[in-house]
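For reference, query.txt (compact mmCIF, C-alpha atoms):
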# COMPACT_ATOMS: atom_id res chain seq x y z
CA MET A 408 13.68 -70.91 -51.11
CA ASN A 409 11.65 -73.94 -49.96
CA SER A 410 11.77 -75.56 -53.39
CA ARG A 411 15.55 -75.01 -53.49
CA SER A 412 16.11 -76.69 -50.11
CA GLY A 413 13.72 -79.46 -51.17
CA LEU A 414 15.77 -80.01 -54.32
CA LEU A 415 19.01 -80.07 -52.34
CA SER A 416 17.49 -82.55 -49.90
CA THR A 417 16.38 -84.81 -52.78
CA ILE A 418 19.81 -84.65 -54.42
CA SER A 419 21.60 -85.42 -51.15
CA ALA A 420 19.21 -88.34 -50.52
CA ILE A 421 19.98 -89.75 -54.00
CA LEU A 422 23.72 -89.32 -53.40
CA LEU A 423 23.43 -91.05 -50.01
CA PHE A 424 21.46 -93.89 -51.63
CA LEU A 425 24.15 -94.33 -54.30
CA ALA A 426 26.94 -94.17 -51.73
CA LEU A 427 25.35 -96.75 -49.41
CA THR A 428 24.43 -99.20 -52.18
CA SER A 429 27.86 -98.85 -53.84
CA PHE A 430 29.61 -99.41 -50.52
CA SER A 431 27.46 -102.52 -49.86
CA ILE A 432 28.23 -103.93 -53.31
CA VAL A 433 31.97 -103.38 -52.79
CA LEU A 434 31.72 -105.27 -49.47
CA VAL A 435 29.87 -108.16 -51.15
CA VAL A 436 32.24 -108.35 -54.11
CA LYS A 437 35.28 -108.36 -51.84
CA ASN A 438 33.60 -111.18 -49.87
CA GLY A 439 33.73 -109.31 -46.59
CA VAL A 440 33.23 -112.38 -44.38
CA VAL A 441 36.88 -113.27 -44.67
CA GLN A 442 38.09 -109.69 -44.16
CA ARG A 443 35.81 -109.24 -41.17
CA PHE A 444 37.13 -112.42 -39.61
CA ARG A 445 40.62 -110.96 -39.76
CA ILE A 446 39.77 -107.44 -38.65
CA LEU A 447 37.38 -108.11 -35.80
CA GLY A 448 39.26 -110.96 -34.15
CA THR A 449 38.23 -110.29 -30.54
CA ALA A 450 34.58 -109.73 -31.33
CA ARG A 451 34.66 -112.87 -33.48
CA ASP A 452 36.03 -114.84 -30.54
CA VAL A 453 33.02 -113.71 -28.48
CA GLN A 454 30.69 -114.80 -31.28
CA ALA A 455 32.53 -118.10 -31.63
CA TRP A 456 32.15 -118.65 -27.89
CA VAL A 457 28.36 -118.28 -28.26
CA TRP A 458 28.34 -120.58 -31.30
CA THR A 459 30.39 -123.16 -29.39
CA ARG A 460 27.80 -123.23 -26.60
CA THR A 461 24.87 -123.61 -29.02
CA SER A 462 26.84 -126.20 -30.98
CA ASN A 463 27.44 -128.15 -27.78
CA ILE A 464 23.68 -128.26 -27.17
CA ASP A 465 23.12 -129.44 -30.73
CA THR A 466 25.86 -132.08 -30.39
CA TYR A 467 24.28 -133.33 -27.15
CA PHE A 468 21.02 -134.03 -28.95
CA HIS A 469 22.81 -135.78 -31.84
CA TYR A 470 25.48 -137.67 -29.88
CA ARG A 471 24.04 -141.11 -30.71
CA SER A 472 24.11 -140.62 -34.49
CA GLU A 473 27.48 -138.86 -34.22
CA ASN A 474 28.87 -141.83 -32.25
CA GLN A 475 27.60 -144.24 -34.88
CA ARG A 476 29.18 -142.14 -37.61
CA LEU A 477 32.52 -141.98 -35.77
CA ALA A 478 32.42 -145.74 -35.08
CA ALA A 479 31.92 -146.41 -38.79
CA GLU A 480 34.75 -144.00 -39.61
CA ASN A 481 37.00 -145.72 -37.03
CA LEU A 482 36.34 -149.08 -38.62
CA GLN A 483 37.19 -147.72 -42.04
CA LEU A 484 40.41 -146.13 -40.71
CA LYS A 485 41.44 -149.36 -38.99
CA GLN A 486 41.01 -151.22 -42.27
CA GLN A 487 43.12 -148.60 -44.03
CA LEU A 488 45.74 -148.76 -41.27
CA ALA A 489 45.99 -152.52 -41.65
CA ARG A 490 46.63 -152.09 -45.38
CA TYR A 491 49.26 -149.41 -44.75
CA GLN A 492 51.00 -151.52 -42.09
CA THR A 493 51.28 -154.34 -44.59
CA ALA A 494 52.67 -151.94 -47.19
CA GLU A 495 55.10 -150.50 -44.63
CA ARG A 496 56.49 -153.95 -43.85
CA VAL A 497 57.15 -154.42 -47.56
CA LEU A 498 58.84 -151.00 -47.79
CA ASP A 499 60.91 -151.73 -44.67
CA SER A 500 62.15 -154.92 -46.27
CA VAL A 501 63.56 -152.91 -49.20
CA ALA A 502 64.77 -150.09 -46.90
CA VAL A 503 62.59 -147.34 -48.39
CA ARG A 504 61.17 -144.66 -46.08
CA VAL A 505 58.15 -142.72 -47.27
CA GLU A 506 56.87 -139.58 -45.52
CA PRO A 507 53.11 -139.12 -45.82
CA ASP A 508 52.15 -136.27 -48.18
CA PHE A 509 49.23 -135.10 -46.05
CA SER A 510 48.86 -134.49 -42.33
CA TYR A 511 45.51 -134.14 -40.56
CA LEU A 512 44.21 -132.10 -37.65
CA SER A 513 40.76 -132.86 -36.22
CA ALA A 514 38.42 -129.98 -35.44
CA ASN A 515 34.91 -129.51 -34.12
CA ILE A 516 32.42 -127.38 -35.99
CA VAL A 517 30.97 -124.57 -33.90
CA LYS A 518 28.90 -123.03 -36.70
CA ASN A 519 27.71 -124.41 -39.99
CA THR A 520 25.32 -123.08 -42.63
CA VAL A 521 23.81 -125.05 -45.51
CA ASP A 522 20.84 -122.90 -46.52
CA ARG A 523 22.61 -119.94 -48.14
CA GLN A 524 24.19 -119.43 -51.53
CA HIS A 525 27.56 -118.80 -49.85
CA ASN A 526 27.82 -121.27 -46.98
CA HIS A 527 30.53 -121.48 -44.39
CA LEU A 528 31.69 -123.22 -41.22
CA VAL A 529 33.56 -122.04 -38.17
CA ILE A 530 35.85 -124.62 -36.54
CA ASP A 531 37.48 -124.57 -33.11
CA ARG A 532 41.06 -124.63 -34.43
CA GLY A 533 43.04 -121.52 -35.25
CA SER A 534 46.53 -120.21 -35.81
CA GLN A 535 47.55 -121.51 -32.38
CA ASP A 536 46.95 -125.02 -33.71
CA GLY A 537 48.85 -124.37 -36.94
CA VAL A 538 45.82 -123.74 -39.14
CA GLU A 539 46.49 -121.37 -42.04
CA PRO A 540 44.32 -119.86 -44.79
CA GLY A 541 44.23 -122.02 -47.90
CA LEU A 542 44.27 -125.43 -46.20
CA GLY A 543 41.67 -128.02 -47.21
CA VAL A 544 39.01 -129.38 -44.85
CA VAL A 545 37.68 -132.92 -45.29
CA THR A 546 35.92 -135.79 -43.54
CA ALA A 547 36.23 -139.51 -44.20
CA ARG A 548 33.11 -139.19 -46.36
CA GLY A 549 33.96 -136.20 -48.46
CA VAL A 550 35.33 -132.75 -48.96
CA VAL A 551 34.04 -129.89 -46.80
CA GLY A 552 35.82 -126.71 -47.89
CA ILE A 553 38.85 -124.45 -47.68
CA VAL A 554 40.10 -122.43 -44.72
CA GLY A 555 39.36 -118.82 -45.66
CA ALA A 556 40.54 -116.93 -42.60
CA VAL A 557 42.09 -117.77 -39.27
CA GLY A 558 41.78 -116.33 -35.78
CA GLU A 559 43.87 -117.40 -32.82
CA HIS A 560 41.45 -120.12 -31.68
CA TYR A 561 38.99 -120.41 -34.54
CA ALA A 562 39.05 -120.65 -38.31
CA TYR A 563 36.50 -119.68 -40.94
CA VAL A 564 35.98 -122.34 -43.59
CA ILE A 565 34.46 -121.54 -46.99
CA SER A 566 32.12 -124.46 -47.65
CA ILE A 567 32.11 -126.29 -50.98
CA LEU A 568 28.35 -125.60 -50.83
CA GLY A 569 28.86 -122.14 -52.26
CA ALA A 570 28.61 -120.31 -55.54
CA GLY A 571 31.97 -120.33 -57.28
CA GLN A 572 33.50 -123.16 -55.23
CA THR A 573 34.87 -126.14 -57.17
CA VAL A 574 36.41 -129.46 -56.19
CA SER A 575 38.48 -131.53 -58.60
CA ALA A 576 36.88 -134.98 -58.59
CA LYS A 577 36.95 -138.14 -60.70
CA LEU A 578 34.97 -141.28 -61.35
CA ALA A 579 36.64 -144.01 -59.30
CA ALA A 580 36.11 -146.67 -61.98
CA SER A 581 37.33 -144.86 -65.08
CA GLY A 582 39.49 -142.10 -63.62
CA ALA A 583 37.73 -139.48 -65.77
CA PHE A 584 37.95 -136.22 -63.87
CA GLY A 585 36.41 -132.77 -63.90
CA PRO A 586 35.38 -129.88 -61.70
CA MET A 587 32.57 -130.55 -59.23
CA THR A 588 30.36 -127.58 -58.31
CA TRP A 589 27.29 -126.97 -56.15
CA PRO A 590 24.16 -126.03 -58.12
CA GLY A 591 22.72 -124.28 -55.05
CA THR A 592 19.42 -126.12 -54.75
CA ARG A 593 20.10 -129.03 -52.36
CA PRO A 594 22.89 -129.45 -49.80
CA ASP A 595 23.25 -133.15 -50.69
CA ARG A 596 23.78 -132.79 -54.45
CA MET A 597 26.66 -131.54 -56.59
CA LEU A 598 27.44 -131.58 -60.31
CA LEU A 599 30.52 -133.26 -61.78
CA GLN A 600 31.17 -131.53 -65.08
CA GLU A 601 33.35 -131.92 -68.19
CA ILE A 602 33.28 -135.73 -68.21
CA PRO A 603 33.87 -136.88 -71.82
CA VAL A 604 30.79 -138.29 -73.52
CA HIS A 605 32.48 -141.60 -74.32
CA ILE A 606 32.93 -142.34 -70.59
CA GLN A 607 30.25 -144.67 -69.24
CA ALA A 608 28.82 -143.40 -65.95
CA ALA A 609 26.06 -145.43 -64.35
CA PRO A 610 23.91 -144.52 -61.33
CA GLY A 611 25.71 -145.70 -58.19
CA ASP A 612 29.25 -145.20 -59.55
CA THR A 613 31.53 -143.77 -56.89
CA VAL A 614 33.06 -140.31 -57.25
CA VAL A 615 36.32 -139.59 -55.40
CA THR A 616 38.69 -136.64 -55.10
CA SER A 617 41.12 -136.53 -58.00
CA GLY A 618 44.18 -135.37 -56.05
CA TYR A 619 44.93 -132.88 -58.85
CA SER A 620 44.75 -129.96 -56.45
CA THR A 621 47.11 -129.30 -53.58
CA LEU A 622 44.19 -128.99 -51.17
CA TYR A 623 42.71 -132.45 -50.86
CA PRO A 624 44.25 -135.93 -50.75
CA PRO A 625 43.34 -138.19 -53.67
CA ASP A 626 40.68 -140.91 -53.53
CA ILE A 627 38.49 -139.59 -50.73
CA PRO A 628 35.03 -140.96 -51.57
CA VAL A 629 32.79 -137.96 -52.16
CA GLY A 630 29.52 -139.35 -53.45
CA SER A 631 27.81 -141.54 -56.00
CA VAL A 632 26.40 -140.77 -59.42
CA VAL A 633 22.62 -140.26 -59.51
CA SER A 634 22.15 -139.31 -63.14
CA ALA A 635 24.03 -138.14 -66.21
CA LYS A 636 23.15 -135.78 -69.03
CA VAL A 637 25.03 -134.46 -72.04
CA SER A 638 25.98 -130.83 -71.58
CA ARG A 639 26.72 -128.52 -74.54
CA GLY A 640 27.01 -131.55 -76.79
CA SER A 641 30.63 -132.27 -75.94
CA SER A 642 30.71 -133.48 -72.34
CA GLN A 643 28.60 -135.04 -69.63
CA GLU A 644 27.28 -133.43 -66.49
CA LEU A 645 26.80 -135.93 -63.66
CA THR A 646 24.55 -135.30 -60.67
CA VAL A 647 26.33 -136.63 -57.60
CA ALA A 648 24.66 -137.55 -54.28
CA LEU A 649 27.12 -136.58 -51.57
CA PHE A 650 28.05 -139.19 -48.93
CA GLU A 651 28.56 -136.52 -46.30
CA ASP A 652 25.46 -135.01 -44.75
CA PHE A 653 26.34 -131.35 -44.20
CA ASN A 654 23.28 -130.88 -41.98
CA THR A 655 24.65 -133.21 -39.30
CA LEU A 656 28.35 -132.49 -39.64
CA HIS A 657 30.14 -132.06 -36.30
CA THR A 658 33.77 -133.15 -36.76
CA VAL A 659 36.13 -132.42 -39.66
CA TYR A 660 39.85 -132.69 -40.47
CA VAL A 661 42.05 -129.83 -41.60
CA VAL A 662 44.48 -131.18 -44.20
CA ARG A 663 48.00 -129.92 -44.78
CA ASN A 664 49.80 -130.93 -47.96
CA ARG A 665 53.53 -131.19 -47.23
CA HIS A 666 54.32 -130.12 -50.79
CA GLN A 667 51.72 -127.34 -51.13
CA ALA A 668 54.22 -124.45 -50.99
CA GLU A 669 56.55 -126.14 -53.47
CA ILE A 670 53.75 -126.83 -55.97
CA GLU A 671 52.35 -123.29 -55.66
CA ALA A 672 55.86 -121.85 -56.16
CA LEU A 673 56.10 -123.89 -59.37
CA TYR A 674 52.80 -122.42 -60.60
CA GLU A 675 54.11 -118.92 -59.89
CA GLN A 676 57.19 -119.57 -62.02
CA VAL A 677 55.05 -120.35 -65.06
CA PRO A 678 54.73 -117.15 -67.15
CA MET B 54 2.39 -98.12 -27.20
CA SER B 55 5.02 -95.86 -25.70
CA ARG B 56 8.17 -94.99 -27.58
CA SER B 57 10.37 -97.05 -25.23
CA ARG B 58 8.12 -100.11 -25.65
CA SER B 59 8.21 -99.64 -29.41
CA ILE B 60 12.00 -99.62 -29.29
CA LEU B 61 11.97 -102.77 -27.12
CA PHE B 62 9.65 -104.47 -29.62
CA PHE B 63 11.98 -103.35 -32.44
CA ILE B 64 14.97 -104.92 -30.65
CA LEU B 65 13.05 -108.16 -29.97
CA VAL B 66 12.10 -108.47 -33.65
CA PHE B 67 15.74 -107.92 -34.62
CA LEU B 68 16.82 -110.65 -32.18
CA LEU B 69 14.15 -112.93 -33.67
CA GLN B 70 15.58 -112.22 -37.14
CA LEU B 71 19.04 -113.04 -35.83
CA ALA B 72 17.81 -116.35 -34.42
CA ILE B 73 16.04 -117.17 -37.72
CA THR B 74 19.16 -116.40 -39.77
CA ASN B 75 21.52 -118.31 -37.49
CA TYR B 76 19.49 -121.31 -36.39
CA LEU B 77 16.48 -121.90 -38.67
CA ASN B 78 17.48 -123.97 -41.67
CA LEU B 79 14.80 -123.85 -44.36
CA GLY B 80 17.09 -124.84 -47.22
CA PRO B 81 18.46 -122.79 -50.10
CA TRP B 82 15.01 -122.04 -51.58
CA ILE B 83 13.64 -119.83 -48.80
CA THR B 84 15.09 -116.80 -47.05
CA ILE B 85 13.02 -115.30 -44.27
CA SER B 86 13.62 -111.64 -43.58
CA LEU B 87 11.92 -109.44 -41.01
CA ILE B 88 14.08 -106.43 -41.88
CA PRO B 89 11.32 -105.01 -44.18
CA PHE B 90 8.93 -105.27 -41.19
CA LEU B 91 11.43 -103.25 -39.15
CA ILE B 92 11.77 -100.69 -41.97
CA VAL B 93 7.98 -100.29 -41.93
CA HIS B 94 8.26 -99.43 -38.23
CA ILE B 95 10.87 -96.69 -38.56
CA PRO B 96 8.79 -93.56 -37.84
CA LEU B 97 7.41 -91.96 -40.99
CA GLN B 98 8.53 -88.48 -39.91
CA ARG B 99 12.20 -89.46 -40.22
CA SER B 100 14.00 -87.99 -43.22
CA PRO B 101 14.89 -90.34 -46.12
CA HIS B 102 18.56 -89.92 -45.13
CA ALA B 103 17.89 -91.13 -41.59
CA VAL B 104 15.76 -94.04 -42.84
CA MET B 105 18.39 -95.19 -45.34
CA LEU B 106 21.20 -94.90 -42.77
CA SER B 107 19.13 -96.79 -40.15
CA ALA B 108 18.27 -99.52 -42.65
CA PHE B 109 21.89 -99.77 -43.76
CA GLY B 110 23.02 -100.08 -40.13
CA LEU B 111 20.41 -102.75 -39.42
CA GLY B 112 21.43 -104.77 -42.48
CA LEU B 113 25.12 -104.49 -41.75
CA LEU B 114 24.61 -105.51 -38.12
CA LEU B 115 22.60 -108.54 -39.25
CA ASP B 116 25.28 -109.48 -41.79
CA TRP B 117 27.96 -109.22 -39.16
CA LEU B 118 26.13 -111.05 -36.36
CA SER B 119 24.96 -113.87 -38.63
CA ALA B 120 28.36 -114.32 -40.30
CA GLY B 121 26.76 -113.93 -43.71
CA VAL B 122 28.25 -112.18 -46.69
CA LEU B 123 28.97 -108.69 -45.38
CA GLY B 124 26.97 -106.07 -47.27
CA LEU B 125 24.23 -108.35 -48.60
CA ASN B 126 21.47 -107.45 -46.12
CA ALA B 127 22.81 -103.89 -45.91
CA PHE B 128 22.35 -103.47 -49.68
CA ALA B 129 18.84 -104.95 -49.65
CA ALA B 130 17.82 -102.83 -46.64
CA VAL B 131 18.88 -99.59 -48.36
CA MET B 132 17.04 -100.66 -51.53
CA ALA B 133 13.86 -101.20 -49.49
CA ALA B 134 14.26 -98.06 -47.36
CA ALA B 135 14.62 -95.70 -50.33
CA PRO B 136 11.10 -96.17 -51.80
CA ARG B 137 9.43 -96.52 -48.37
CA LEU B 138 7.61 -93.18 -48.33
CA PRO B 139 6.43 -93.27 -51.98
CA LEU B 140 5.14 -96.80 -51.39
CA TYR B 141 3.37 -95.69 -48.20
CA ARG B 142 1.68 -92.83 -50.08
CA LEU B 143 0.75 -95.13 -52.95
CA LEU B 144 -0.50 -98.12 -50.98
CA VAL B 145 -1.60 -96.86 -47.56
CA ASN B 146 -2.33 -93.17 -47.32
CA GLY B 147 -1.61 -90.37 -49.77
CA GLU B 148 -2.06 -87.54 -47.28
CA ARG B 149 -1.54 -88.27 -43.60
CA GLU B 150 2.01 -89.58 -43.14
CA ASP B 151 2.97 -86.63 -40.90
CA ALA B 152 0.18 -87.47 -38.48
CA VAL B 153 1.18 -91.05 -37.79
CA TRP B 154 4.21 -92.36 -35.89
CA PHE B 155 4.21 -95.45 -38.11
CA PRO B 156 1.36 -97.41 -39.70
CA LEU B 157 -0.48 -99.80 -37.42
CA LEU B 158 -2.51 -102.73 -38.70
CA ARG B 159 -5.71 -101.64 -36.93
CA GLU B 160 -5.46 -98.11 -38.38
CA THR B 161 -4.64 -98.99 -41.98
CA GLY B 162 -6.69 -102.19 -42.22
CA LEU B 163 -5.36 -105.57 -43.26
CA PRO B 164 -5.41 -105.16 -47.08
CA LYS B 165 -3.46 -101.86 -47.10
CA TYR B 166 -0.99 -103.02 -44.46
CA PHE B 167 -0.49 -106.35 -46.28
CA ASN B 168 0.12 -104.61 -49.63
CA TYR B 169 2.58 -102.17 -48.07
CA LEU B 170 4.54 -104.87 -46.22
CA LEU B 171 4.43 -107.17 -49.26
CA ALA B 172 5.78 -104.43 -51.53
CA LEU B 173 8.66 -103.53 -49.20
CA THR B 174 9.47 -107.21 -48.63
CA ALA B 175 9.44 -107.84 -52.40
CA VAL B 176 11.85 -104.94 -53.04
CA TYR B 177 14.11 -106.12 -50.22
CA LEU B 178 14.20 -109.76 -51.33
CA ALA B 179 14.54 -108.91 -55.03
CA ALA B 180 17.68 -106.92 -54.19
CA PHE B 181 18.97 -109.57 -51.76
CA ILE B 182 18.41 -112.58 -54.02
CA LEU B 183 19.65 -110.88 -57.18
CA LEU B 184 22.89 -109.77 -55.53
CA ASP B 185 23.37 -113.21 -54.00
CA CYS B 186 22.46 -115.37 -56.99
CA VAL B 187 22.71 -113.44 -60.23
CA SER B 188 25.05 -114.99 -62.82
CA VAL B 189 25.69 -118.05 -60.64
CA ARG B 190 22.18 -119.52 -60.46
CA PRO B 191 19.53 -120.13 -63.16
CA ILE B 192 16.70 -117.64 -63.54
CA GLY B 193 14.10 -120.30 -62.62
CA PHE B 194 15.75 -120.86 -59.25
CA ILE B 195 15.95 -117.10 -58.63
CA LEU B 196 12.24 -116.61 -59.44
CA VAL B 197 11.03 -119.51 -57.29
CA LYS B 198 13.26 -118.41 -54.41
CA PHE B 199 11.98 -114.84 -54.73
CA VAL B 200 8.28 -115.80 -54.67
CA ALA B 201 8.68 -118.37 -51.87
CA SER B 202 10.82 -116.06 -49.75
CA THR B 203 8.52 -113.05 -50.22
CA LEU B 204 5.48 -115.02 -49.04
CA ALA B 205 7.42 -116.70 -46.23
CA SER B 206 8.68 -113.33 -44.99
CA THR B 207 5.43 -111.36 -45.29
CA LEU B 208 3.29 -113.77 -43.28
CA PRO B 209 5.41 -113.67 -40.08
CA GLY B 210 5.53 -109.90 -40.53
CA LEU B 211 1.74 -109.78 -40.46
CA LEU B 212 1.64 -111.95 -37.34
CA LEU B 213 4.14 -109.64 -35.65
CA ALA B 214 2.10 -106.60 -36.70
CA TYR B 215 -0.96 -108.22 -35.12
CA ALA B 216 0.99 -108.91 -31.92
CA PHE B 217 2.34 -105.36 -32.01
CA GLN B 218 -1.13 -103.77 -32.18
CA ARG B 219 -2.52 -106.04 -29.43
CA ARG B 220 0.16 -104.78 -27.05
CA SER B 221 -0.27 -101.13 -28.02
What is this structure when it is put down as structure tokens?
Amino acid sequence: MNSRSGLLSTISAILLFLALTSFSIVLVVKNGVVQRFRILGTARDVQAWVWTRTSNIDTYFHYRSENQRLAAENLQLKQQLARYQTAERVLDSVAVRVEPDFSYLSANIVKNTVDRQHNHLVIDRGSQDGVEPGLGVVTARGVVGIVGAVGEHYAYVISILGAGQTVSAKLAASGAFGPMTWPGTRPDRMLLQEIPVHIQAAPGDTVVTSGYSTLYPPDIPVGSVVSAKVSRGSSQELTVALFEDFNTLHTVYVVRNRHQAEIEALYEQVP
Amino acid sequence: MSRSRSILFFILVFLLQLAITNYLNLGPWITISLIPFLIVHIPLQRSPHAVMLSAFGLGLLLDWLSAGVLGLNAFAAVMAAAPRLPLYRLLVNGEREDAVWFPLLRETGLPKYFNYLLALTAVYLAAFILLDCVSVRPIGFILVKFVASTLASTLPGLLLAYAFQRRS
């Protein structure tokens, strides 16, 4: 009798083990962070409130470097504005009106991870501010990620520092483009792949966004080439040092492409 | 140490783990986990079902509160909880598990306690790192991360065990 109950207990323990591990794997595969953000909205708001407070403390201790960074960004934007104003005067003279393709919404980061294989950020803008899943997130010094899920006041951003995340980027000088991925070892390095072997890429060459995706505007400087090696004999793999320091990131911009829906509808029409 | 103080210590260690996961940035090469230390301190008299369910709950709670990938710590915790008793019998004591609430450093001695904690931590981190990195990261990275993380997680566990026995 005892041996029978012992056997039943062992079998039920094995079944429980299989059930729990299978359930965990299903959660991981379905990338439960995004689902959880949707389902547990209220609890997430409480968590985000705590993260905001701790982020405020962190920002306080880094306000000087953050100010310097924003001042540099302001200067760069003013220079760009001056160029655009000149261009606008020319367009006005020939009576052409051009709507910008991208609009921007600034957001503060309340949580940011860089030490995991699947990193993420939480920003203090949500559906109330017009943020939607699938929008790109950038800074003046690079690409940050994609909005994965949205609460009323906060949004969850899937960082480009994550397994499986790619950014379409190109060499500014030659225009040769390819997918840029994170190798997972350092938060300040990415790999630009599928660059043809005949393209010359020297250390220090600037890498910018290609604009071939609907997520990110073209020509945002992302980083500079550190080294190049031939990969699989047919293309080059470039190691890129990112301009943006993800460890000290505090402010980002959510980007909306005015034509995103139209372009995605076109893709859906293709059989 | 009374049962209520043990539970309080358990909660404090979990909060410490939460703080480590959320605020301590050691880079992509090292993951520190105190969950195996907590699994060691689930009473030995508990059935394997209760231990696996407790470990699963702990892992899931950590995943949720740290905004990590949901299921990752839960999976690793169940993988470490399942062989807990066989590992205890193999590495600490083959006979007396019914007599002890859970193993204490001063009762088992440092070598046995270290081996037991190291083994559970290794199982936990092997499961965690493989599920997180397999097929997307090179094997060299996975191995280095596994060794570094196992050592980095076992040492704080030993310090906590020392603190635990001083207060008991």
Residues of chain B within 7 Å of chain A, all atoms listed in the file counted, as JSON, numbers by chain:
{"B": [78, 79, 80, 81, 82, 101, 102, 120, 121, 122, 123, 124, 125, 127, 128, 131, 185, 189]}
Show me the residues close to (28.4, -129.3, -59.2) - anything with an atom within 7 Å, counting only C-alpha atoms - and format the list as a ChimeraX atom specification.
/A:587-590,597-600
Take the residues that were just selected and, keeping C-alpha atoms, output them as a PDB file, in the frame of the given file.
ATOM      1  CA  MET A 587      32.570-130.550 -59.230  1.00  0.00           C
ATOM      2  CA  THR A 588      30.360-127.580 -58.310  1.00  0.00           C
ATOM      3  CA  TRP A 589      27.290-126.970 -56.150  1.00  0.00           C
ATOM      4  CA  PRO A 590      24.160-126.030 -58.120  1.00  0.00           C
ATOM      5  CA  MET A 597      26.660-131.540 -56.590  1.00  0.00           C
ATOM      6  CA  LEU A 598      27.440-131.580 -60.310  1.00  0.00           C
ATOM      7  CA  LEU A 599      30.520-133.260 -61.780  1.00  0.00           C
ATOM      8  CA  GLN A 600      31.170-131.530 -65.080  1.00  0.00           C
TER       9      GLN A 600
END
Using only C-alpha atoms, find the one residue out of B:Leu157, B:Ile88, B:Ala135, B:Leu183 that sits nearest to Phe217 of chain B.
B:Leu157
Between atom CA of Tyr467 of chain A and atom CA of Gly543 of chain A, what is the spacing in Å?
27.1 Å
Counting only C-alpha atoms, which of A:Ser617, A:Asn481, A:Gln535, A:Gln486 gets nearest to Gly549 of chain A?
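Smallest separation from Gly549 of chain A among the options: A:Ser617.
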Quick one: 8 Å padding each side, axis-aligned, all listed atoms of segment 99-110 of chain B - centre and edge lengths in Å to one decimal, as JSON?
{"center_x": 17.6, "center_y": -94.0, "center_z": -43.1, "size_x": 26.8, "size_y": 28.1, "size_z": 22.0}
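Among the candidate residues A:Ile627, A:Val544, A:Ala648, A:Ala608, the one lying nearest to Asp595 of chain A is A:Ala648, with distances computed using all atoms listed in the file.
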Neighbouring residues of segment 89-92 of chain B were defined as those with any atom within 10 Å, considering all atoms listed in the file; residues of the same chain fewer than 5 positions away were excluded. Please report them as a ChimeraX atom specification.
/B:62-64,66-67,97,104-105,107-108,111,129-131,133-134,137,155,169-178,206-207,209-211,213-214
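The space separating atom CA of Val614 of chain A from atom CA of Arg665 of chain A comes to 24.5 Å.
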Show me as a PyMOL selection string the residues that reach within 6 Å of (36.5, -136.3, -68.5), counting all atoms listed in the file and using the file's own coordinates.
chain A and resi 583-585+601-603
Give me a file of those residues, with C-alpha atoms, as a compact mmCIF listing (two decimals), in the coordinates of the input.
# COMPACT_ATOMS: atom_id res chain seq x y z
CA ALA A 583 37.73 -139.48 -65.77
CA PHE A 584 37.95 -136.22 -63.87
CA GLY A 585 36.41 -132.77 -63.90
CA GLU A 601 33.35 -131.92 -68.19
CA ILE A 602 33.28 -135.73 -68.21
CA PRO A 603 33.87 -136.88 -71.82
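Between atom CA of Arg56 of chain B and atom CA of Ile95 of chain B the separation is 11.4 Å.
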Surrounding residues of Thr74 of chain B excluding itself and chain neighbours under 2 positions, 9 Å, all atoms listed in the file, as a ChimeraX atom specification
/B:69-72,76-78,84-86,115,119,121
Selected residue of minimal separation from Leu143 of chain B among B:Ser59, B:Gly162, B:Val187, B:Asn168, counting only C-alpha atoms
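Between B:Ser59, B:Gly162, B:Val187, B:Asn168, the residue approaching Leu143 of chain B most closely is B:Asn168.
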Choose the residue, out of B:Leu140, B:Ile73, B:Asn126, B:Pro96, that has the smallest atom-to-atom separation from Leu113 of chain B; count all atoms listed in the file.
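The answer is B:Asn126, which sits nearest to Leu113 of chain B.
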Hey, what's within 8 Å of Ser534 of chain A if we count only C-alpha atoms and toss same-chain stuff fewer than 5 positions away? As a ChimeraX atom specification, please?
/A:539,557-562
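Closest approach to Arg58 of chain B from the set B:Leu138, B:Gln218, B:Leu144, B:Asn75 is made by B:Gln218, with distances taken over only C-alpha atoms.
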Need to verify the contact set: Leu542 of chain A, 7 Å, all atoms listed in the file, exclusion of same-chain residues closer than 5 positions in sequence. Can you return it as a ChimeraX atom specification?
/A:553-554,622,661-663
